[in-house]
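Following: one structure in structure tokens, then a few remarks.
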Amino acid sequence: MKTQSKINQLKVGTIISYLRMSIQVFIGLAYTPVMIRLLGQSEYGLYNMVSSTIAMLSVLRLGFNNSYIRYYSIYKKNADIKSIEKLNGLFLSIFTCIGMVALVCGLFLANNLTIIFSTGLDQREYSVARVLMLLLVLNLSISFPMSVFENIISAHEKFIFLKCMVIIQTVLGPLVTLPLLLMGYRSIAMVVVTVVVSIIVNLCHIWYVLVVLKNRFVFSKPQFSLFKDLFIYTSFIAIELIVDQINWNIDKVILARYKGTVMVAIYSVGYNLYMYYQTFSLSISGVFTPRIHKIVNANTSMTEKRRELTDLFTRVGRIQFLVLALISSGIVFFGKYFIVRIWAGKGYDDSYIVAVLLILTVTIELIQNLGIEIQRAEFKHQFRSITYFFMAILNLIISVILCQRYGAIGSAIGTAISFVVANGIIMNIYYHKQCNIDMIYFWDKIGKLSLGLILPIIIGIVFVYVVPPKSLIVYMTEIVLYVLIYAFSMWKIGMNEYEKNLFSSLILKILHLGRIK
């Protein structure tokens with residue numbers, strides 16, 4: 001019964017996860033343009049800039065979140081309840097201390113904003129930024145110890161409750177904020193709502209852990225060996241956290257310092273579109289984790305392992321490419337009209353270039369995300385962490401130089417160059433030399449699949465330069481035609497029999513479900 005319950009939690013939790021992603025993207029696409037217009041370009045940029053600055057303090061987690069479930073699983077397997085209770089107390093103590101450190105750092109930054117932004121803000125913007133930062137610092141410092149309760153719920157595999165709370169938080173924030181914006185309140189009111197909703201969700205997590213799961217917290221002197229093991233395990237995860245913050249938040253801070261809040265707003269719109277693209281990137285690598293470990297640990301020759309890993313890596317990569325190529329090429333041809341005429345509005349032309357630079361270059365990583373699981377199975381993931389750290393430094397240096405001359409586009413170029421160097425060159429060489437993946441074979445198969453893009457690209461160029469959309473109806477018609485042409489061209493030229501059978505069976509299942517309903 002317990003096993004069946006866990007399976008149901010996983011299945012329903014997975015469904016709710018996809019539902020949450022869909023809701024998140026829908027709300028983002030619908031709510032963001034309203035927020036931009038009601039706040040104005042300057043204050044929207046100010047809000048994103050302060051949010052990004054505070055988000056960088058999240059590196060203080062140092063990867064401890066990931067380690068809780070690891071140790072919980074070990075103690076649970078041995079039915080060691082006392083150790084689990086001590087683990088709960090230890091992690092709550094650690095994250096409470098981290099929360100206090102974050103609070104002190106945030107208060108210092110809030111009272112010394114000129115250190116970060118120099119003359120990039122005017123007097124009114126500094127006043128608003130200080131209030132926003134104080135509120136967000138309070139929220140972040142509370143979130144550190146509260147994350148322990150979320151980890152406990154996750155460790156118990158109560159995914160349905162956890163995902164439902166995320167959906168409530170995703171929906172409740174904009175639902176309460178929108179009327180306030182329409183009434184004339186601005187970014188400070190938005191952040192107040194964020195803090196209040198976050199506190200409500202955290203209280204629900206505490207109630208669930210203490211009342212429903214009946215977990216106890218025992219505070220005792222921790223063993224030195226456990227602390228040592230914790231820091232060794234989390235060190236490379238911490239590097240990845242630092243890398244993420246440099247890649248995705250430092251650009252906005254740099255832009256605010258050198259070019260002001262309007263440029264931050266322009267960058268943020270392009271970045272948000274990139275995030276939605278990544279959400280629908282068909283990241284299915286986790287599903288193949290057991291199969292990868294089976295191949296790596298099998299008693300077969302290195303040649304056989306290389307063949308099996310390359311075949312799996314290539315098959316999954318081609319399927320991901322089929323989806324991502326449609327979305328990314330669609331953004332290239334139809335994204336500017338969407339951003340300027342439908343979504344963000346006038347003054348955001350450069351956001352289109354930012355989005356295209358980020359989306360096209362990150363696609364290399366997204367079609368190869370199975371490689372991350374292969375590295376972990378072979379205990380070779382440390383190289384990726386180190387590579388991404390230096391990638392982040394390269395991104396920072398180039399972005400500082402180029403943003404002063406080219407603004408938001410300059411920052412995006414810095415990120416794009418670092419992506420190409422790290423993902424397109426270094427990691428591909430590493431996969432080929434050290435991870436038993438034949439990357440020459442992989443790119444040969446991706447190249448053959450790419451032949452199906454020739455006709456859609458020609459049609460896309462015609463739509464942009466020969467018959468550009470004059471109205472929303474024409475625009476939507478061109479998108480539908482592009483999708484149909486893409487599907488036809490890929491089916492006839494790019495896809496192999498395996499992929500055709502896969503998509504055919506998927507379509508038949510959807511039609512069958514439709515007939516049942």
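By order of appearance in the structure tokens: chains A, B, ..., then residues from 1 within every chain, and ligands from 1 in the order shown.
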inquiry  = If you run DSSP on the backbone here, which positions in stretch 283-467 of chain A get alpha helix (DSSP H)? Please write them as a ChimeraX atom specification.
reply    = /A:289-297,302-337,349-366,370-377,382-406,408-419,427-434,439-450,454-461
ask   = What lies within 7 Å of A:Gly410 using only C-alpha atoms, ignoring chain neighbours under 5 positions off, as a list in words?
value =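 Listing them by chain and then by number gives Ser399, Leu402 and Cys403 of chain A.
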message = Give me the residues near stretch 46-62 of chain A as a count of residues only, where near means some atom within 9 Å (using only C-alpha atoms) and where sequence neighbours in that chain fewer than 5 positions away do not count.
response = 48
task = Please provide the set of residues having any atom within 12 Å of A:Phe338, restricted to only C-alpha atoms, with same-chain residues fewer than 3 positions apart removed, written as a ChimeraX atom specification.
result = /A:29,33,269-270,273,330-335,341-346,348-349,351-352,355,469,471-472,475-476,479
message = What's around stretch 202-205 of chain A at 8 Å? Count only C-alpha atoms, leave out sequence neighbours fewer than 4 positions away in its own chain, and write the answer as a ChimeraX atom specification.
response = /A:143,146,149-150,153,198,209
Spatial neighbours of A:Ile413, max dist 10 Å, only C-alpha atoms, sep filter under 6 positions, as a list of chain:residue names =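 My reading of the contact set: A:Ile353, A:Val354, A:Leu357, A:Leu358, A:Thr361, A:Asn395, A:Ile398, A:Ser399, A:Leu402, A:Cys403, A:Tyr406, A:Phe419.
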Best match for closeness to A:Arg384 among A:Thr477, A:Ile397, A:Ile364, A:Val243, counting only C-alpha atoms =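 Going through A:Thr477, A:Ile397, A:Ile364, A:Val243 one by one, the smallest distance to A:Arg384 is for A:Val243.
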